[in-house]
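Peer 1: Attaching a single structure in structure tokens format; questions to follow.
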Amino acid sequence: MTAPEAAGTEAAGTEAGALDVPLMGYPSQWSVRAGTPVEFMVSARADSFQAEIIRVTGRGPRRPGDGPPLSFERVHSPADGSYPAAEQQTVSGSYGVASGLEPSPAGEGSLGAWIYPTLPAAGRWQSVLTWLGPDGRPVLALGLGPAGAAALRYRSRAGDLATAAVPGELAGRQWHYLAASVRPAAGEIVIAVQQLSPRGRRPATVVTLAAPDLAAAPLGTGALVAALSPAPAVPGALTSVTDGAYNGKVDGARARPAALDGPGLLAWPEQAEPSGGLADLDLVNSPQLRATGHNWSGQVLDWRVRPDEYGASWYHDDDLADARWPAAFRWEVPAGTRSGMYAARITAGGAEDVISFYVRPGDGEPTADLAVLVPTFTYTIYSNFYHPARAARDGTASADERAGAFLGEHLELGLSLYGKHRDGSGVAHVSSRRPMVDMRPWHRIDTRGNAGRELSGDLYLLDWLEHEGIPYDTITDDDLHAEGAGLLAPYAGVITGGHPEYVSGEMLDALGAYLDAGGNLAYLGGNGFYWVTTAAAGAPHLLEVRRGRRGSRAWTGEPGEGHHGTGEPGGIWVDRGRAPQALTGVGFCAQGGGPGAGYTRTADSDDPRAAFIFDGIGRDEVIGDFGLKLDGAAADELDRADPDLGTPAGTLVVATTRGAHNDSYQRAVEEVEEMSARQGGSQTEDVRADMTFLETPGGGSVFSVGSIAWSTSLSYAGYDNNVARLTRNVLGEFTRRGAPGQGPAR
């Protein structure tokens, strides 16, 4: 450790946790190529903040009294310095912006839509459809009142918005037709409501109201769906909701520059009337598209087959696609900068944040034989994982508990894909362009051994590589998804992080092509290559996962809504015929929070093909019965080999934890076809971690450990242990074999 590292280690990552005095930020992207810039968005409740760029050299969360969770080197960049501070506002709530409507200069008009409210009595106004005036302000707004009543807000002669309502709360999670019209010349408003039941429409309610204060305000060419205005509901608040944001589905929204009477409003949905700009919205904060509509028959589950039955979009007042903070400062990463994990360390008023990102080599310039494939898709998807039971602010609370408390107070910062929206529906979109308060080096999972996980868990791997002096480049999921197999081709070996759970088809294709060409993969994790993940076209920072109705999941998808907005079927890759076992030899089989275990060697470990793996390791040694996470290298989430799920013929299972886990480890739910109480680690051998080695027809190879916790054991006993020895053996063999088609590496 150099002197700058030592000084930095004492100062950073103390788990003081900046969130008591709000100081936080995020980078413009997870990965930046040497020779290009990266920007940092910062919110600070202070007059100024200080920033410095650091290169992270490792550590990761340690046990109490074992020092800080971060070691680093100062870069001494031109970006270091003091910057003016501002407390940034984050506004959540998805909505659509329409243009090109036919205007109504006299203010006479009608609005209508099918709606499926999921939080009807939200305690505030929710706009389903707002018609704007030429001045950009609301003139008519059709929606729900604070208690869930169907209502119309209209511009009064006084210039404010008055409200006309139909008494009674609309039923949640039921389709309703809602429409209204105004005739300013007559001072009249008509509102129609009709609920759709499984057996047809229920009797309609039509109310005609005198409105002498109804202004003849002109209706312009613009409208909003699921919002009253783009402004926040609470101006100046740190986090807020879009004014009038609506929770639920909207289908068939329409507007007409003429007033319809009650029968006309009720007949309107049956008329094939163009909706102008309402058919082509500019979307903000990513509502869920291709949702089942009011006419969904249940006969098809793929929106591409019957798009007319999937005309709805699902809006949530806590959707967030981009926090949209301005850049506070930037770093022009110099060409030739060493690849690895970097961070902008910011401080203000005694608070600290560490904004992590990764520097990859310059274009076509790999600097090492080995590449660490950083699972940034998984980082993004887990970010802001909020669990009420693990949220506290008192003096004994950990940084993770304080982060949980902060998230609980500011859900508008965007939840992880393990969360649920306020209306109870699962979160299907997540963005990296927002503060990710748990993707920090001090982040711990108290239910999984109070050790690091995701970004902080992968610090253990980087820490070991740095300690051992093993050269490596870092590349990310975001890079691999965008660039494919060519990104991997120069490397003799690719090393995964501990939990590459979320991957796209493009990533699987790239890894498969790399292996087919003779590449070598070290899968040093568990529960990898599991969920189908897509990135939004033109917005790669925005990821989508549809959980569907199978797999070990935090929520269950709605009926008929298992396909992504791209059209891809969602769910788990095994249901797409791409089980992880076919790629890496092992696949997810169990998870738990009980004691970890070490591996025992099998007869396959005596195969000459596996001899290099165990060089210097005794035949009877237990491998990894120690570690920072649950005291074992096999812990948290486990993978096993299974020929029925695609483990290639000839795969060697060289070590296993068969029979070593207690019943806190339970078999993955997708493998349990009938209700059974015998799915715990002490009762079925299907709950285990398998260590495997396979060789591909193209001359490549894959080594897998089958456990998230593997890297947490690398530093045990001063880095002198059999997990570290075995890992070095494997990476050394990959380096010896060389990159695909290039012969032995240097």
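Residue numbering restarts at 1 in every chain; chains get A, B, ... in the order shown in the structure tokens, and ligands count up from 1 in that same order.
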Assign secondary structure with DSSP using the backbone only, and return the residues of stretch 364-475 of chain A in strand (DSSP E or B) as a list in words.
Peer 2: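 Those residues are Leu370, Ala371, Val372, Leu373, Val374, Lys420, Gly426, His429, Val430, Ser431, Ile445, Ala451, Asp473, Thr474 and Ile475 of chain A.
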Peer 1: Emit the selected residues as a short mmCIF file (atom, residue, chain, number, x, y, z; two decimals), in the first residue's frame, including C-alpha atoms.
Peer 2:
```cif
data_model
loop_
_atom_site.label_atom_id
_atom_site.label_comp_id
_atom_site.auth_asym_id
_atom_site.auth_seq_id
_atom_site.Cartn_x
_atom_site.Cartn_y
_atom_site.Cartn_z
CA LEU A 370 -7.70 -10.65 -17.77
CA ALA A 371 -10.90 -8.62 -17.70
CA VAL A 372 -13.29 -8.28 -14.77
CA LEU A 373 -16.84 -8.17 -16.11
CA VAL A 374 -18.52 -5.88 -13.58
CA LYS A 420 -43.34 -2.40 -5.25
CA GLY A 426 -44.08 -4.54 -8.98
CA HIS A 429 -38.14 -0.29 -14.73
CA VAL A 430 -35.04 1.01 -13.01
CA SER A 431 -32.53 3.68 -13.91
CA ILE A 445 -26.69 -7.04 3.87
CA ALA A 451 -21.13 -8.47 4.60
CA ASP A 473 -9.04 -4.41 -16.93
CA THR A 474 -12.60 -3.61 -15.90
CA ILE A 475 -15.46 -3.74 -18.38
#
```
Peer 1: What parts of stretch 291-458 of chain A does DSSP call alpha helix (DSSP H)? I'd like the answer as a list of chain:residue names.
Peer 2: A:Thr376, A:Phe377, A:Thr378, A:Tyr379, A:Thr380, A:Ile381, A:Tyr382, A:Ala399, A:Asp400, A:Glu401, A:Arg402, A:Ala403, A:Gly404, A:Ala405, A:Phe406, A:Leu407, A:Gly408, A:Glu409, A:Leu455, A:Ser456, A:Gly457, A:Asp458
Peer 1: Show me, as an MDAnalysis selection string, the residues that have an atom within 12 Å of A:Ala724 when counting only C-alpha atoms, minus same-chain residues fewer than 3 positions from it.
Peer 2: chainID A and resid 460:461 463:465 467:468 524 613:617 623:624 626:627 633 710:721 727:732
Peer 1: Give me the residues within 9 Å of A:Gly25 as a PyMOL selection string, counting only C-alpha atoms and dropping any in the same chain fewer than 6 places off.
Peer 2: chain A and resi 40-44+346+353-355+434-437
Peer 1: Create the file for the chosen residues now, containing N, CA and C atoms and written as a compact mmCIF listing (two decimals), in the first residue's frame.
Peer 2:
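Below you can see selection-v2.txt, which holds the result:
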```
# COMPACT_ATOMS: atom_id res chain seq x y z
N PHE A 40 -20.60 14.24 -12.99
CA PHE A 40 -21.12 13.88 -11.68
C PHE A 40 -22.23 14.84 -11.28
N MET A 41 -23.35 14.28 -10.92
CA MET A 41 -24.49 15.02 -10.44
C MET A 41 -24.49 14.95 -8.91
N VAL A 42 -24.58 16.09 -8.25
CA VAL A 42 -24.41 16.15 -6.80
C VAL A 42 -25.51 17.01 -6.19
N SER A 43 -26.05 16.54 -5.08
CA SER A 43 -26.97 17.33 -4.26
C SER A 43 -26.36 17.45 -2.88
N ALA A 44 -26.25 18.69 -2.39
CA ALA A 44 -25.64 18.92 -1.08
C ALA A 44 -26.36 20.04 -0.37
N ILE A 346 -16.82 12.87 -2.44
CA ILE A 346 -17.30 14.22 -2.15
C ILE A 346 -17.57 14.35 -0.66
N ASP A 353 -19.77 11.12 0.55
CA ASP A 353 -20.33 10.14 -0.37
C ASP A 353 -19.21 9.72 -1.32
N VAL A 354 -19.31 8.52 -1.81
CA VAL A 354 -18.34 7.98 -2.75
C VAL A 354 -19.11 7.51 -3.97
N ILE A 355 -18.95 8.21 -5.08
CA ILE A 355 -19.72 7.94 -6.30
C ILE A 355 -18.84 7.08 -7.22
N ARG A 434 -29.74 8.27 -11.23
CA ARG A 434 -30.37 8.72 -9.98
C ARG A 434 -29.44 8.32 -8.85
N PRO A 435 -29.60 8.91 -7.69
CA PRO A 435 -28.79 8.46 -6.56
C PRO A 435 -29.09 7.00 -6.23
N MET A 436 -28.05 6.21 -6.11
CA MET A 436 -28.19 4.80 -5.73
C MET A 436 -27.50 4.64 -4.39
N VAL A 437 -28.24 4.92 -3.33
CA VAL A 437 -27.61 5.15 -2.03
C VAL A 437 -26.99 3.90 -1.42
```
Peer 1: Of the residues A:Leu266, A:Leu132, A:Ala51, A:Ala554, which is the one nearest to A:Tyr386, using only C-alpha atoms?
Peer 2: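 Ranking A:Leu266, A:Leu132, A:Ala51, A:Ala554 by distance to A:Tyr386, first place goes to A:Ala554.
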Peer 1: Fewer than 4 positions away in the same chain doesn't count, so skip those; otherwise give me all residues within 6 Å of A:Asp477, counting only C-alpha atoms, as a tab-separated table (two decimals) with all heavy atoms, in the first residue's frame.
Peer 2:
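Listed below is the output, around_36.tsv:
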```tsv
chain	number	residue	atom	x	y	z
A	375	PRO	N	-20.79	-6.56	-12.94
A	375	PRO	CA	-22.23	-6.77	-13.19
A	375	PRO	C	-23.07	-5.53	-12.91
A	375	PRO	O	-23.91	-5.50	-12.00
A	375	PRO	CB	-22.58	-7.92	-12.25
A	375	PRO	CG	-21.63	-7.78	-11.12
A	375	PRO	CD	-20.35	-7.26	-11.71
A	376	THR	N	-22.87	-4.50	-13.72
A	376	THR	CA	-23.57	-3.23	-13.47
A	376	THR	C	-25.06	-3.32	-13.72
A	376	THR	O	-25.83	-2.52	-13.16
A	376	THR	CB	-22.95	-2.11	-14.31
A	376	THR	OG1	-22.81	-2.55	-15.67
A	376	THR	CG2	-21.58	-1.73	-13.77
A	377	PHE	N	-25.53	-4.24	-14.56
A	377	PHE	CA	-26.98	-4.43	-14.68
A	377	PHE	C	-27.54	-4.82	-13.31
A	377	PHE	O	-28.57	-4.30	-12.88
A	377	PHE	CB	-27.30	-5.52	-15.70
A	377	PHE	CG	-27.44	-5.03	-17.12
A	377	PHE	CD1	-26.80	-3.88	-17.57
A	377	PHE	CD2	-28.22	-5.74	-18.04
A	377	PHE	CE1	-26.93	-3.45	-18.88
A	377	PHE	CE2	-28.36	-5.31	-19.35
A	377	PHE	CZ	-27.72	-4.16	-19.77
A	481	HIS	N	-23.29	-5.37	-23.24
A	481	HIS	CA	-24.60	-5.31	-23.90
A	481	HIS	C	-24.53	-4.50	-25.18
A	481	HIS	O	-25.12	-4.87	-26.20
A	481	HIS	CB	-25.63	-4.70	-22.95
A	481	HIS	CG	-26.96	-4.44	-23.58
A	481	HIS	ND1	-27.91	-5.43	-23.74
A	481	HIS	CD2	-27.50	-3.31	-24.09
A	481	HIS	CE1	-28.98	-4.91	-24.34
A	481	HIS	NE2	-28.76	-3.62	-24.56
```
Peer 1: Have a look at A:Val190, A:Val427, A:Val333, A:Ala98 and name the one nearest to A:Val284; count only C-alpha atoms.
Peer 2: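 Looking at the shortest contact to A:Val284, the residue is A:Ala98.
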Peer 1: Which polymer residues have any atom within 9 Å of an atom of A:Gly706, counting only C-alpha atoms, with same-chain residues fewer than 2 positions away left out, as a ChimeraX atom specification?
Peer 2: /A:523-528,586-588,634,637-641,688-692,704,708,710
Peer 1: Using 10 Å as the limit and counting only C-alpha atoms, can you tabulate each residue of stretch 521-618 of chain A that touches stretch 407-418 of chain A, with its shortest atom-to-atom distance in Å and the two atoms involved, as a Markdown table?
Peer 2:
```
| residue | atom | partner | partner_atom | distance |
| --- | --- | --- | --- | --- |
| A:Leu543 | CA | A:Leu417 | CA | 9.5 |
| A:Glu544 | CA | A:Leu417 | CA | 8.6 |
| A:Val545 | CA | A:Leu417 | CA | 7.6 |
| A:Arg546 | CA | A:Leu417 | CA | 9.4 |
| A:Arg547 | CA | A:Leu417 | CA | 9.3 |
| A:Arg553 | CA | A:Tyr418 | CA | 7.9 |
| A:Ala554 | CA | A:Tyr418 | CA | 5.4 |
| A:Trp555 | CA | A:Tyr418 | CA | 7.3 |
```
Peer 1: Compile the contact shell of A:Asp575 as a PyMOL selection string: residues with an atom at most 12 Å away, counting only C-alpha atoms, same-chain residues fewer than 5 positions apart removed.
Peer 2: chain A and resi 530-532+547-551+562+569-570+580+645+670-671
Peer 1: A:Val241, A:Ala535, A:Val182, A:Ala391: which is nearest A:Ala259, counting only C-alpha atoms?
Peer 2: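 With only C-alpha atoms as the atom set, the closest residue is A:Val182.
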Peer 1: Between A:Trp30, A:Trp303, A:Tyr599, A:Trp131, which one has atoms that come closest to A:Ala223, using only C-alpha atoms?
Peer 2: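 Ranked by minimum distance to A:Ala223, first place goes to A:Trp131.
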